[in-house]
Each structure stands twice: as C-alpha cells, then as structure tokens.
>>> print(open('upload_23.cif').read())   # mmCIF, C-alpha atoms and all ligand atoms
data_upload
loop_
_atom_site.label_atom_id
_atom_site.label_comp_id
_atom_site.auth_asym_id
_atom_site.auth_seq_id
_atom_site.Cartn_x
_atom_site.Cartn_y
_atom_site.Cartn_z
CA MET A 177 9.22 -10.37 27.19
CA PRO A 178 9.67 -13.44 29.35
CA GLN A 179 10.84 -16.32 27.19
CA ASP A 180 7.96 -18.70 27.79
CA LEU A 181 5.17 -16.17 27.50
CA PRO A 182 4.64 -15.02 23.96
CA ALA A 183 2.98 -11.62 23.74
CA GLY A 184 0.41 -13.11 21.42
CA PRO A 185 -2.14 -11.47 19.21
CA LYS A 186 -5.00 -9.75 20.96
CA SER A 187 -7.40 -10.40 18.14
CA THR A 188 -9.17 -13.26 19.87
CA THR A 189 -10.39 -11.01 22.66
CA ALA A 190 -12.44 -8.83 20.34
CA LYS A 191 -15.17 -11.45 20.09
CA TYR A 192 -16.08 -10.89 23.73
CA TRP A 193 -17.28 -7.40 23.12
CA ARG A 194 -20.05 -6.42 20.80
CA LYS A 195 -20.66 -2.73 20.29
CA PRO A 196 -23.94 -1.88 22.04
CA LEU A 197 -26.53 -0.17 19.83
CA ASP A 198 -26.71 2.82 22.15
CA ALA A 199 -22.95 3.14 22.51
CA ASP A 200 -22.92 6.69 21.22
CA THR A 201 -25.39 8.04 23.74
CA VAL A 202 -24.54 6.08 26.86
CA LYS A 203 -21.87 7.58 29.06
CA VAL A 204 -19.10 5.04 29.49
CA PRO A 205 -17.71 4.70 33.01
CA HIS A 206 -14.07 5.42 33.50
CA GLY A 207 -11.81 3.44 35.76
CA GLU A 208 -8.49 3.97 37.42
CA ILE A 209 -6.14 1.01 37.48
CA HIS A 210 -4.00 0.12 40.47
CA ILE A 211 -1.24 -2.43 40.24
CA VAL A 212 0.43 -4.04 43.23
CA VAL A 213 3.59 -4.43 41.23
CA ASN A 214 5.46 -6.79 43.49
CA ARG A 215 2.66 -9.31 43.71
CA CYS A 216 2.49 -9.82 39.96
CA LYS A 217 3.82 -13.03 38.44
CA GLY A 218 3.65 -11.83 34.87
CA CYS A 219 0.95 -14.22 33.64
CA LEU A 220 -0.37 -11.60 31.17
CA PHE A 221 -4.01 -12.59 31.68
CA CYS A 222 -4.86 -8.93 32.35
CA VAL A 223 -2.94 -7.65 29.36
CA GLU A 224 -4.40 -10.23 26.98
CA TYR A 225 -8.05 -9.96 27.99
CA CYS A 226 -8.51 -6.25 28.70
CA PRO A 227 -11.20 -5.34 26.15
CA ARG A 228 -9.72 -1.84 25.72
CA GLU A 229 -6.09 -2.86 25.49
CA VAL A 230 -5.34 -0.54 28.36
CA LEU A 231 -2.41 -2.55 29.64
CA GLU A 232 0.96 -3.57 28.36
CA ILE A 233 3.74 -5.55 29.94
CA SER A 234 6.65 -3.63 31.35
CA GLU A 235 10.23 -4.03 30.25
CA ASP A 236 11.28 -3.77 33.87
CA PHE A 237 11.18 -6.46 36.50
CA ASN A 238 9.46 -6.44 39.87
CA VAL A 239 11.23 -7.71 42.98
CA LYS A 240 10.26 -11.29 42.12
CA GLY A 241 11.80 -10.94 38.68
CA TYR A 242 8.61 -10.80 36.68
CA HIS A 243 7.47 -8.31 34.08
CA PHE A 244 4.35 -6.58 35.39
CA PRO A 245 1.58 -4.71 33.58
CA GLU A 246 1.58 -0.98 33.07
CA VAL A 247 -1.16 1.34 31.91
CA SER A 248 -0.33 2.14 28.32
CA LYS A 249 -3.43 4.11 27.39
CA ASP A 250 -4.41 6.73 29.91
CA ASP A 251 -8.16 7.27 30.26
CA ALA A 252 -9.03 4.21 28.19
CA CYS A 253 -10.10 1.98 31.08
CA VAL A 254 -13.87 1.47 31.26
CA ASN A 255 -13.81 -0.02 34.77
CA CYS A 256 -15.12 -3.36 33.53
CA GLY A 257 -13.14 -5.20 36.20
CA LEU A 258 -12.06 -8.09 34.00
CA CYS A 259 -8.35 -7.66 34.75
CA GLU A 260 -9.14 -7.70 38.46
CA MET A 261 -11.27 -10.83 38.14
CA LEU A 262 -8.75 -12.75 36.07
CA CYS A 263 -5.60 -11.87 37.99
CA PRO A 264 -4.51 -15.01 39.86
CA GLU A 265 -2.24 -13.01 42.15
CA PHE A 266 -4.67 -10.36 43.46
CA ALA A 267 -2.25 -7.83 41.98
CA ILE A 268 -4.42 -5.53 39.86
CA PHE A 269 -7.70 -3.76 40.53
CA CYS A 270 -9.76 -0.94 39.16
CA VAL A 271 -11.67 1.79 40.90
CA LEU A 272 -14.47 3.80 39.35
CA ASP A 273 -13.25 7.29 38.61
CA GLU A 274 -16.03 9.35 40.20
CA GLU A 275 -14.84 12.66 38.77
CA GLU A 276 -15.24 11.37 35.28
CA GLY A 277 -18.79 10.64 36.40
CA GLY A 278 -19.30 7.02 35.42
CA GLY A 279 -22.19 4.97 36.58
CA GLU A 280 -24.63 5.66 33.75
CA GLY A 281 -22.84 3.38 31.34
CA MET B 20 14.51 -2.06 38.60
CA THR B 21 12.37 0.95 37.89
CA LYS B 22 10.99 3.73 39.99
CA GLU B 23 7.53 2.22 39.84
CA ALA B 24 8.79 -1.12 40.96
CA THR B 25 10.74 0.18 43.92
CA LEU B 26 8.68 3.16 45.01
CA GLU B 27 5.27 1.55 44.61
CA PRO B 28 3.64 1.86 48.04
CA GLU B 29 2.15 -1.40 49.31
CA LEU B 30 -1.36 -1.00 47.97
CA SER B 31 -4.24 -2.83 49.51
CA HIS B 32 -6.22 -4.91 47.05
CA PRO B 33 -10.02 -5.29 47.48
CA MET B 34 -9.50 -9.06 47.84
CA ASP B 35 -7.19 -8.57 50.82
CA ASP B 36 -10.13 -8.47 53.23
CA LEU B 37 -11.10 -11.98 52.15
CA LEU B 38 -7.63 -13.46 52.22
CA ARG B 39 -5.42 -14.61 55.06
CA MET B 40 -2.80 -12.05 54.17
CA ASP B 41 -0.19 -13.64 56.42
CA ARG B 42 -0.19 -16.57 53.95
CA ILE B 43 -0.03 -14.45 50.79
CA PRO B 44 1.73 -14.70 48.35
CA HIS B 45 0.20 -18.08 47.70
CA ILE B 46 2.23 -21.05 46.49
CA TRP B 47 0.54 -21.38 43.11
CA CYS B 48 2.73 -21.22 40.02
CA PRO B 49 2.78 -18.34 37.55
CA THR B 50 -0.16 -18.67 35.12
CA CYS B 51 -1.96 -21.20 37.33
CA GLY B 52 -5.71 -20.56 37.29
CA LEU B 53 -6.35 -21.25 40.96
CA GLY B 54 -6.03 -17.63 42.12
CA THR B 55 -8.67 -16.67 39.56
CA VAL B 56 -11.04 -19.29 40.98
CA VAL B 57 -10.57 -17.82 44.47
CA THR B 58 -11.51 -14.37 43.18
CA ALA B 59 -14.57 -15.84 41.46
CA PHE B 60 -15.60 -17.54 44.69
CA ALA B 61 -15.15 -14.30 46.66
CA SER B 62 -17.18 -12.39 44.07
CA ALA B 63 -19.98 -14.94 44.37
CA ILE B 64 -20.10 -14.42 48.15
CA GLU B 65 -20.28 -10.71 47.52
CA LYS B 66 -22.97 -11.15 44.89
CA LEU B 67 -25.09 -13.14 47.35
CA GLN B 68 -24.43 -10.54 50.06
CA LEU B 69 -23.49 -13.34 52.42
CA GLY B 70 -21.88 -12.46 55.72
CA LEU B 71 -18.52 -14.08 56.23
CA ASP B 72 -19.99 -16.00 59.18
CA ASP B 73 -22.71 -17.49 57.02
CA ILE B 74 -20.37 -19.54 54.89
CA THR B 75 -17.66 -22.10 55.35
CA VAL B 76 -15.12 -23.70 53.01
CA VAL B 77 -13.82 -27.25 53.11
CA SER B 78 -10.94 -28.48 50.96
CA GLY B 79 -9.10 -31.76 50.60
CA ILE B 80 -5.45 -32.08 49.62
CA GLY B 81 -3.79 -30.82 46.45
CA CYS B 82 -2.91 -27.51 44.89
CA THR B 83 -6.63 -26.73 44.82
CA GLY B 84 -6.95 -27.98 48.38
CA ARG B 85 -4.89 -25.02 49.52
CA VAL B 86 -7.82 -22.69 48.86
CA ALA B 87 -9.14 -23.40 52.37
CA GLY B 88 -5.90 -22.04 53.80
CA TYR B 89 -6.09 -18.77 51.91
CA VAL B 90 -9.68 -17.60 52.38
CA LYS B 91 -10.34 -15.62 55.53
CA ILE B 92 -13.55 -17.35 56.51
CA ASP B 93 -14.06 -20.43 58.65
CA SER B 94 -12.36 -23.01 56.51
CA PHE B 95 -11.06 -26.53 56.89
CA HIS B 96 -8.18 -28.22 55.14
CA THR B 97 -9.07 -31.87 55.57
CA THR B 98 -7.37 -35.10 54.52
CA HIS B 99 -7.08 -36.28 50.94
CA GLY B 100 -10.45 -37.22 49.45
CA ARG B 101 -12.39 -36.49 52.61
CA ALA B 102 -13.61 -32.96 51.99
CA ILE B 103 -17.18 -34.09 51.23
CA PRO B 104 -17.69 -36.31 54.31
CA PHE B 105 -16.16 -33.59 56.49
CA ALA B 106 -18.44 -31.01 54.88
CA THR B 107 -21.44 -33.31 55.29
CA GLY B 108 -20.83 -33.44 59.05
CA LEU B 109 -20.37 -29.69 59.20
CA HIS B 110 -23.57 -29.13 57.25
CA LEU B 111 -25.59 -31.54 59.40
CA ALA B 112 -24.37 -29.91 62.60
CA ASN B 113 -25.38 -26.50 61.28
CA PRO B 114 -27.58 -26.67 58.19
CA LYS B 115 -28.00 -22.89 58.19
CA LEU B 116 -24.38 -22.46 57.15
CA LYS B 117 -23.61 -22.42 53.44
CA THR B 118 -21.07 -25.21 53.19
CA VAL B 119 -18.82 -25.07 50.15
CA VAL B 120 -16.28 -27.69 49.14
CA ILE B 121 -13.45 -26.40 46.95
CA SER B 122 -11.07 -29.11 45.84
CA GLY B 123 -9.35 -30.77 42.91
CA ASP B 124 -10.42 -33.36 40.38
CA GLY B 125 -8.13 -35.98 41.92
CA ASP B 126 -9.25 -35.27 45.46
CA LEU B 127 -12.98 -35.23 44.71
CA ILE B 128 -13.36 -37.69 41.87
CA SER B 129 -10.56 -40.19 42.50
CA ILE B 130 -9.86 -40.95 46.17
CA GLY B 131 -13.00 -39.01 47.15
CA GLY B 132 -15.16 -40.38 44.34
CA ASN B 133 -17.29 -42.57 46.55
CA HIS B 134 -18.15 -39.64 48.83
CA PHE B 135 -18.99 -37.56 45.79
CA ILE B 136 -21.49 -40.04 44.36
CA HIS B 137 -23.20 -40.70 47.66
CA ALA B 138 -23.48 -37.05 48.66
CA ALA B 139 -25.09 -36.48 45.25
CA ARG B 140 -27.39 -39.47 45.69
CA ARG B 141 -28.50 -38.27 49.12
CA ASN B 142 -28.73 -34.70 47.88
CA VAL B 143 -26.78 -33.32 50.82
CA ASP B 144 -27.05 -29.54 50.73
CA LEU B 145 -23.46 -28.79 49.74
CA THR B 146 -21.87 -26.76 46.97
CA VAL B 147 -18.91 -28.49 45.35
CA ILE B 148 -16.49 -26.42 43.29
CA CYS B 149 -14.29 -28.97 41.56
CA VAL B 150 -11.24 -27.47 39.91
CA ASN B 151 -10.39 -29.78 37.06
CA ASN B 152 -6.85 -29.36 35.77
CA PHE B 153 -6.94 -32.91 34.35
CA ILE B 154 -4.14 -34.13 36.61
CA TYR B 155 -2.80 -34.69 40.13
CA ALA B 156 -0.85 -31.48 40.13
CA MET B 157 0.54 -31.19 43.62
CA THR B 158 2.20 -34.60 43.62
CA GLY B 159 3.93 -34.30 40.27
CA GLY B 160 1.46 -34.89 37.47
CA GLN B 161 0.09 -38.40 37.95
CA VAL B 162 -2.87 -39.51 35.87
CA ALA B 163 -6.28 -38.55 37.30
CA PRO B 164 -9.70 -40.06 36.57
CA THR B 165 -10.31 -36.87 34.57
CA THR B 166 -7.15 -36.99 32.43
CA PRO B 167 -8.25 -36.97 28.78
CA LEU B 168 -7.44 -40.02 26.66
CA THR B 169 -3.94 -39.86 25.14
CA ALA B 170 -2.79 -36.99 27.38
CA ASN B 171 0.56 -37.51 29.03
CA ALA B 172 0.94 -37.90 32.79
CA SER B 173 3.90 -39.02 34.88
CA THR B 174 2.20 -42.38 35.43
CA MET B 175 1.07 -42.51 31.79
CA PRO B 176 4.34 -41.66 30.06
CA TYR B 177 3.07 -42.99 26.73
CA GLY B 178 -0.28 -41.26 27.04
CA ASN B 179 -3.42 -42.07 29.00
CA PHE B 180 -5.40 -45.11 27.85
CA GLU B 181 -7.99 -45.05 30.67
CA GLN B 182 -11.43 -43.72 29.89
CA PRO B 183 -11.92 -40.59 32.03
CA PHE B 184 -15.02 -39.58 33.97
CA SER B 185 -17.03 -36.65 32.77
CA ILE B 186 -17.76 -34.78 35.99
CA PRO B 187 -21.12 -33.28 34.91
CA TYR B 188 -22.34 -36.67 33.68
CA LEU B 189 -21.26 -38.33 36.91
CA ALA B 190 -22.91 -35.61 39.02
CA ASP B 191 -26.11 -35.73 36.96
CA SER B 192 -26.41 -39.52 37.04
CA CYS B 193 -25.93 -39.57 40.79
CA GLY B 194 -28.65 -36.99 41.42
CA ALA B 195 -27.00 -33.56 41.79
CA VAL B 196 -29.59 -30.79 41.49
CA TYR B 197 -27.30 -28.15 39.96
CA VAL B 198 -24.48 -28.90 37.56
CA ALA B 199 -22.43 -26.39 35.59
CA ARG B 200 -19.04 -26.30 33.94
CA TRP B 201 -17.01 -23.18 33.11
CA SER B 202 -13.37 -22.45 32.51
CA ALA B 203 -11.25 -20.08 34.56
CA LEU B 204 -11.43 -17.70 31.61
CA HIS B 205 -15.25 -17.51 31.81
CA VAL B 206 -14.82 -15.77 35.11
CA ARG B 207 -18.04 -13.74 35.15
CA ARG B 208 -20.19 -16.72 34.26
CA LEU B 209 -18.28 -18.69 36.84
CA VAL B 210 -19.24 -16.14 39.51
CA THR B 211 -22.90 -16.47 38.52
CA ALA B 212 -22.69 -20.27 38.56
CA ILE B 213 -21.01 -20.37 41.97
CA ALA B 214 -23.60 -17.95 43.36
CA GLU B 215 -26.47 -20.00 41.92
CA ALA B 216 -24.95 -23.21 43.22
CA ILE B 217 -24.55 -21.78 46.72
CA ALA B 218 -28.11 -20.45 46.71
CA LYS B 219 -29.52 -23.78 45.50
CA PRO B 220 -30.67 -26.19 48.22
CA GLY B 221 -29.18 -29.61 47.60
CA PHE B 222 -26.02 -31.02 46.07
CA SER B 223 -24.64 -28.55 43.52
CA VAL B 224 -21.56 -29.04 41.41
CA VAL B 225 -19.56 -26.43 39.53
CA GLU B 226 -16.68 -27.85 37.54
CA VAL B 227 -13.99 -25.32 36.69
CA ILE B 228 -11.56 -26.18 33.92
CA SER B 229 -8.38 -24.44 35.01
CA PRO B 230 -4.82 -24.22 33.73
CA CYS B 231 -2.08 -26.18 35.45
CA SER B 232 0.92 -24.71 33.71
CA THR B 233 3.61 -26.60 35.57
CA LEU B 234 2.41 -30.19 35.31
CA TYR B 235 -0.41 -30.75 32.85
CA SER B 236 0.61 -28.13 30.37
CA ARG B 237 4.35 -28.73 30.54
CA ARG B 238 4.07 -32.50 30.27
CA ASN B 239 1.82 -32.11 27.26
CA ARG B 240 3.79 -29.26 25.70
CA LEU B 241 0.80 -26.95 25.69
CA GLY B 242 2.64 -23.78 26.66
CA SER B 243 1.87 -21.53 29.60
CA GLY B 244 -1.41 -21.07 31.45
CA LEU B 245 -2.03 -18.14 29.13
CA ASP B 246 -1.86 -20.50 26.17
CA LEU B 247 -4.43 -22.70 27.91
CA MET B 248 -6.66 -19.67 28.51
CA ARG B 249 -6.39 -18.92 24.79
CA PHE B 250 -7.29 -22.53 24.11
CA TYR B 251 -10.41 -22.22 26.29
CA HIS B 252 -11.29 -19.01 24.52
CA ASP B 253 -11.16 -20.63 21.11
CA ASN B 254 -12.51 -24.08 22.00
CA CYS B 255 -15.16 -23.71 24.69
CA GLU B 256 -18.66 -23.90 23.38
CA ILE B 257 -21.50 -22.64 25.56
CA LYS B 258 -24.47 -25.00 25.53
CA HIS B 259 -26.88 -24.53 28.42
CA GLY B 260 -28.99 -27.56 29.15
CA ALA B 261 -26.73 -29.84 27.11
CA ASP B 262 -27.25 -33.58 27.51
CA THR B 263 -24.66 -34.51 30.13
CA ARG B 264 -23.86 -37.71 28.20
CA GLU B 265 -22.27 -35.48 25.61
CA LEU B 266 -19.84 -33.59 27.79
CA ALA B 267 -16.79 -35.84 27.61
CA ILE B 268 -13.54 -33.91 27.18
CA GLY B 269 -11.03 -35.20 24.64
CA PHE B 270 -7.37 -34.19 24.62
CA GLN B 271 -7.19 -30.63 23.28
CA GLU B 272 -10.69 -30.98 21.85
CA LYS B 273 -13.77 -28.80 22.14
CA ILE B 274 -14.99 -28.26 25.71
CA THR B 275 -18.72 -27.81 26.23
CA VAL B 276 -19.44 -25.36 29.04
CA GLY B 277 -22.68 -24.02 30.50
CA LYS B 278 -25.36 -24.74 33.05
CA PHE B 279 -26.54 -28.28 32.41
CA ILE B 280 -28.76 -29.22 35.33
CA ASP B 281 -30.98 -27.09 37.57
CA ARG B 282 -33.76 -29.16 39.12
CA ASP B 283 -35.48 -29.60 42.44
CA ARG B 284 -35.37 -32.62 44.69
CA PRO B 285 -35.77 -32.86 48.48
CA THR B 286 -32.46 -32.50 50.29
CA PHE B 287 -31.14 -35.11 52.70
CA VAL B 288 -32.46 -33.22 55.73
CA GLU B 289 -35.82 -32.54 54.07
CA SER B 290 -36.23 -36.20 53.12
CA MET B 291 -35.39 -37.27 56.64
CA ASN B 292 -37.80 -34.80 58.23
CA ASN B 293 -40.58 -35.69 55.77
CA TRP B 294 -40.20 -39.38 56.33
CA TYR B 295 -39.91 -39.32 60.12
CA GLY B 296 -42.78 -36.83 60.18
CA LYS B 297 -44.90 -39.45 58.41
CA VAL B 298 -43.68 -42.35 60.53
CA PHE B 299 -43.82 -40.66 63.95
CA GLY B 300 -46.39 -37.91 63.34
CA ASP B 301 -46.45 -35.07 65.87
CA GLU B 302 -44.01 -36.85 68.14
CA TYR B 303 -41.22 -36.07 65.69
CA GLU B 304 -39.43 -32.77 66.00
CA PRO B 305 -37.98 -31.85 62.62
CA TYR B 306 -34.19 -31.72 62.68
CA GLU B 307 -32.75 -28.26 62.20
CA GLY B 308 -29.20 -28.81 63.32
CA SER B 309 -27.43 -29.36 66.60
CA VAL B 310 -25.68 -25.99 66.73
CA LYS B 311 -28.03 -23.26 67.91
C1 LIG C 1 -4.26 -40.59 51.52
C2 LIG C 1 -3.36 -39.81 50.61
N1 LIG C 1 -2.99 -40.35 49.44
C3 LIG C 1 -2.23 -39.67 48.59
C4 LIG C 1 -1.82 -38.40 48.91
C5 LIG C 1 -0.93 -37.65 47.94
N2 LIG C 1 -1.67 -36.62 47.23
C6 LIG C 1 -1.66 -35.34 47.63
S1 LIG C 1 -2.49 -34.30 46.60
C7 LIG C 1 -2.84 -35.60 45.55
C8 LIG C 1 -3.59 -35.38 44.28
C9 LIG C 1 -4.26 -34.08 44.16
O1 LIG C 1 -4.86 -33.97 42.92
P1 LIG C 1 -6.04 -32.95 42.70
O2 LIG C 1 -7.10 -33.17 43.71
O3 LIG C 1 -6.46 -33.01 41.28
O4 LIG C 1 -5.41 -31.55 43.08
P2 LIG C 1 -4.49 -30.58 42.23
O5 LIG C 1 -3.15 -30.62 42.90
O6 LIG C 1 -4.47 -31.06 40.82
O7 LIG C 1 -5.15 -29.25 42.37
C10 LIG C 1 -2.32 -36.79 46.04
C11 LIG C 1 -2.44 -38.09 45.34
C12 LIG C 1 -2.23 -37.87 50.14
N3 LIG C 1 -1.89 -36.61 50.50
N4 LIG C 1 -3.00 -38.58 50.97
S1 LIG C 2 -10.96 -2.62 34.21
FE1 LIG C 2 -11.42 -3.48 32.17
S2 LIG C 2 -10.93 -1.82 30.74
FE2 LIG C 2 -9.94 -1.30 32.69
S3 LIG C 2 -7.87 -2.13 32.49
FE3 LIG C 2 -9.10 -3.68 33.52
S4 LIG C 2 -9.81 -5.03 31.88
FE4 LIG C 2 -9.10 -3.11 30.92
S1 LIG C 3 -3.10 -10.80 35.71
FE1 LIG C 3 -2.08 -10.25 37.66
S2 LIG C 3 -0.31 -11.59 37.83
FE2 LIG C 3 -1.01 -11.67 35.70
S3 LIG C 3 0.21 -10.10 34.65
FE3 LIG C 3 -1.69 -9.13 35.27
S4 LIG C 3 -1.22 -8.23 37.28
FE4 LIG C 3 0.39 -9.71 36.83
S1 LIG C 4 1.35 -27.40 39.88
FE1 LIG C 4 -0.28 -26.82 38.47
S2 LIG C 4 -2.16 -26.67 39.71
FE2 LIG C 4 -0.38 -26.71 41.10
S3 LIG C 4 0.04 -24.53 41.50
FE3 LIG C 4 1.36 -25.17 39.80
S4 LIG C 4 0.19 -24.68 37.96
FE4 LIG C 4 -1.26 -24.64 39.67
MG MG C 5 -6.03 -31.83 39.66
#
>>> encode(input="upload_23.cif", output="structure tokens")
Amino acid sequence: MPQDLPAGPKSTTAKYWRKPLDADTVKVPHGEIHIVVNRCKGCLFCVEYCPREVLEISEDFNVKGYHFPEVSKDDACVNCGLCEMLCPEFAIFCVLDEEEGGGEG
Amino acid sequence: MTKEATLEPELSHPMDDLLRMDRIPHIWCPTCGLGTVVTAFASAIEKLQLGLDDITVVSGIGCTGRVAGYVKIDSFHTTHGRAIPFATGLHLANPKLKTVVISGDGDLISIGGNHFIHAARRNVDLTVICVNNFIYAMTGGQVAPTTPLTANASTMPYGNFEQPFSIPYLADSCGAVYVARWSALHVRRLVTAIAEAIAKPGFSVVEVISPCSTLYSRRNRLGSGLDLMRFYHDNCEIKHGADTRELAIGFQEKITVGKFIDRDRPTFVESMNNWYGKVFGDEYEPYEGSVK
C-alpha cells in the first residue's frame, strides 16, 4: 500500500446499493474490466467505490510508480460503470460482456 | 515491475475520443477530483446526444481552468476571471452553440465575481460548472472567497476569518435559473445536473465540490483526495429544493447537495428581442446571432 493512502474499510459504500425487490429474477449484466495500467495514479477511487468489490490494489508498481487496480473477483463485475466514471485518470473502463448476455438487468 | 505492468498493450479508453490525447497525461495531482469532473462533463454531452460541434468550453485560469486544454472540442483558455465575459461574447455571436464555462471557485467567484453576478442578473444563456475546492489551488493554496471559516490557507496561516460566499445562494440571489450542487463523488447525479443545466435556457450553475489533495487537504491535514471522497460520502445530505440561504459550508461540516433552483425567466437575448420588438414593431428583426 502507498503510505498516504490507507486501504480503508469498504463498509461505507454499501449504503449506495439497495437490493432490488426483483433481484432474483432479473438477469444481471456482466462487465469486463480494462485497465490502462500506466495511466493510473493509484487514487483508489475505483477500488473503494466498486459496489461489488471487484477490484483490489496491486502490490506491483506501474511505470509511474503507482499501485494500480487489478480484478480480484472474476465474473463479479456488473458493468455499472462507476469505476470508469470516478477514475480521474481515464485509466479504467468496463465493457458489457455480450456473451454473458447482459442488457436485461 | 510485473508482467501486466510491462506487457499491457496501450489500450484505448472510451474517453480518449473526447480528450486532446497529445496533452494527456494531465497535470492534475493524484487523488485530485478534476479528472472525474471532466468525465462527468463528457458523459453529459453524450447523454444529451450533442454533436461535438454544438458545444464549446471556456475556462479561466487555475487547475480547473486547464479543463479547456484537455477536452477535444472547441475550447478557450482565457485570462484569469474572464471566462464568463469571454463566453458571453461567444454565446452572443452564436447563440445556437451550447456555451459551457468550466472554471474554479477563485476564478469565477473571486476575480471573476462581478462577471458572475451580472451574467446571472442578465440571464445570459450559459452553463457554468464551478469546481469548488475551497482554495486557490494552482497558485499555492491562498484563501478563496469560498474557503470555509477557520480552514487554513497559505494567506490565512492561522485559519480563515472571512465569511465565505455560498455559491448557490449567490447564484440564486442574482437570478440564475438553474442551480445545483454535487460533489465529485456523486458522479451520476452530477452528469444529470450538467445535462439539465446545458439543456436549460438561461444562466445555469452547477457547483462541484471536489478534492484538492495537494493544497486544501494537505494544509488542513485532511488526508488524500480519497479521504475527502469518504468525507463527502458520509457528510453530504441530499436536499432538493433546499432554501439557498441554508447552504453555507462550514469547515468539515455537513454539505447540502441537490438541485435547488429550476425556474424560467427570459434570457438576455429573449428580453432584448421582446423589448425591441415592442419598441420598434415590425421594423425590428429579432437577433439570432451574427455567425450564420
Ligand atoms: C490577473 C491574474 N491574477 C492572478 C493570477 C494568479 N492565479 C492563477 S490561478 C489563480 C487562482 C485559481 O483559483 P481557482 O479558480 O479556485 O482554481 P483552482 O486552481 O483552485 O482549480 C490565481 C490567483 C493570474 N493568473 N492572473
Ligand atoms: S463496472 Fe461497476 S461492478 Fe464493474 S468493476 Fe467497475 S465499479 Fe465494479
Ligand atoms: S480510479 Fe483510476 S487512477 Fe484511481 S486507482 Fe482506479 S484506475 Fe487508478
Ligand atoms: S493542486 Fe489541488 S486542484 Fe490542483 S491539481 Fe493538485 S489536487 Fe488538483
Ligand atoms: Mg479553487
């Protein structure tokens, strides 16, 4: 972990997401995460606010010397796009995984 | 160095089409919220399905002022405090363009404060996105007219004793027709607000509370930008339609966010056309811009 960026509890993010009443019947879209590793400046916004805790921070450094996010839970991304929206470096984005057949969610 | 880090092919990000890639990476510090605001702005353009030739961005000077240099649409980086008068001229020359001012609290409310109040009073059809990081960031953390009471700034080393402006109250009192405040963390609501503000005829103001990790946060020992995002998460209270007199921001106190004002009033050009239509009757040709 970078010294000045505590990993922090993720508990506060849970409030953002209520469980929809029809969650069991609705097909949840699935997303594929792409990370432009060398653009990242390790702010951790994406890691902290991903509602599915898909991301974790790497132990390795990118060329700028920052820890970058990595996908820690395969198939857990719901393509909500929040990481992409929050990233101040335009370094992470998600693409709807068509094969998994999202779109109805 | 890992395999991923070295072998990662240079991916193209969806934002790349909207950015002047020759100027990326941007200069903003790690955990600064400004990049997030740019993405929110781009998403609002997308949401409105605006062509990139239908919109223009004007910035003043400051860290926020650099936005104009990074977006790949017709954009203007003007002098300090003068984004609004520049944008007013641009708008009057071509009122069909959506003219958006993106600049900082110091630029718009301090040196540019007079332009702000008069553009609001005249209801010039502009959208103003004011990124409020509570400080003059670019020049080293001087006190701004938005710095909360008691907060530390380089020119207020013992804490700020000047009463700050509340941007929504100022905008409301001067006649803005759309006024909202969100934080950089409320990014989806921010996109909606920016889109609504752009679509709204008249003077619209979206204040964005955004982390300045290097100056505001460091001087006040508030941690990184992530810590400020956590602070927004825990301390922002959404109150649509709140009385703008009650939106003052105290140092590390609750921040009220939401859409506060959405009303209709004739714009500057409409007022002019209505009035001269009355005075000169059929002889008057309503003004629709000088650029055809
Ligand atoms: C006429 C003039 N006066 C002063 C400056 C120095 N100056 C540059 S940016 C700035 C303040 C910017 O503050 P703000 O608009 O809040 O932007 P931020 O950097 O916080 O995003 C000042 C005073 C200048 N460039 N021009
Ligand atoms: S798209 Fe949403 S669910 Fe997927 S990694 Fe990003 S924030 Fe998490
Ligand atoms: S939000 Fe962007 S810059 Fe921040 S850690 Fe994630 S990928 Fe890196
Ligand atoms: S000084 Fe503050 S506002 Fe400027 S880029 Fe750094 S963090 Fe952002
Ligand atoms: Mg500022």
>>> residues_around(input="upload_23.cif", residues="B:Arg42", least_positions_apart="4", cutoff="12 Å", atoms="all atoms listed in the file", output="mmCIF file with C-alpha atoms, keeping the file's coordinate frame")
data_model
loop_
_atom_site.group_PDB
_atom_site.id
_atom_site.type_symbol
_atom_site.label_atom_id
_atom_site.label_comp_id
_atom_site.auth_asym_id
_atom_site.auth_seq_id
_atom_site.Cartn_x
_atom_site.Cartn_y
_atom_site.Cartn_z
ATOM 1 C CA ASP B 35 -7.190 -8.570 50.820
ATOM 2 C CA LEU B 37 -11.100 -11.980 52.150
ATOM 3 C CA LEU B 38 -7.630 -13.460 52.220
ATOM 4 C CA ILE B 46 2.230 -21.050 46.490
ATOM 5 C CA TRP B 47 0.540 -21.380 43.110
ATOM 6 C CA ARG B 85 -4.890 -25.020 49.520
ATOM 7 C CA VAL B 86 -7.820 -22.690 48.860
ATOM 8 C CA ALA B 87 -9.140 -23.400 52.370
ATOM 9 C CA GLY B 88 -5.900 -22.040 53.800
ATOM 10 C CA TYR B 89 -6.090 -18.770 51.910
ATOM 11 C CA VAL B 90 -9.680 -17.600 52.380
ATOM 12 C CA LYS B 91 -10.340 -15.620 55.530
#
>>> closest_residue(input="upload_23.cif", among="A:Leu272, A:Cys226, A:Ala267, A:Ile233", to="chain B", atoms="only C-alpha atoms")
A:Ala267
>>> closest_residue(input="upload_23.cif", among="A:Leu231, A:Val202, A:Met261, A:Cys270", to="chain B", atoms="only C-alpha atoms")
A:Met261
>>> atom_distance(input="upload_23.cif", atom1="atom CA of B:Glu226", atom2="atom CA of B:Ile186")
7.2 Å
>>> interface_residues(input="upload_23.cif", of="chain B", to="chain A", cutoff="7 Å", atoms="all atoms listed in the file", output="NGL selection string")
:B and (20-21 or 24 or 29-30 or 32 or 34 or 49-50 or 52-55 or 58-59 or 206 or 243 or 245)
>>> residues_near_point(input="upload_23.cif", point="(-14.1, 5.7, 34.6)", cutoff="7 Å", atoms="all atoms listed in the file", output="ChimeraX atom specification")
/A:205-208,253-255,272-274,276,278
>>> write_last_selection(input="upload_23.cif", atoms="C-alpha atoms", output="tab-separated table (two decimals), in the frame of the given file")
chain	number	residue	atom	x	y	z
A	205	PRO	CA	-17.71	4.70	33.01
A	206	HIS	CA	-14.07	5.42	33.50
A	207	GLY	CA	-11.81	3.44	35.76
A	208	GLU	CA	-8.49	3.97	37.42
A	253	CYS	CA	-10.10	1.98	31.08
A	254	VAL	CA	-13.87	1.47	31.26
A	255	ASN	CA	-13.81	-0.02	34.77
A	272	LEU	CA	-14.47	3.80	39.35
A	273	ASP	CA	-13.25	7.29	38.61
A	274	GLU	CA	-16.03	9.35	40.20
A	276	GLU	CA	-15.24	11.37	35.28
A	278	GLY	CA	-19.30	7.02	35.42
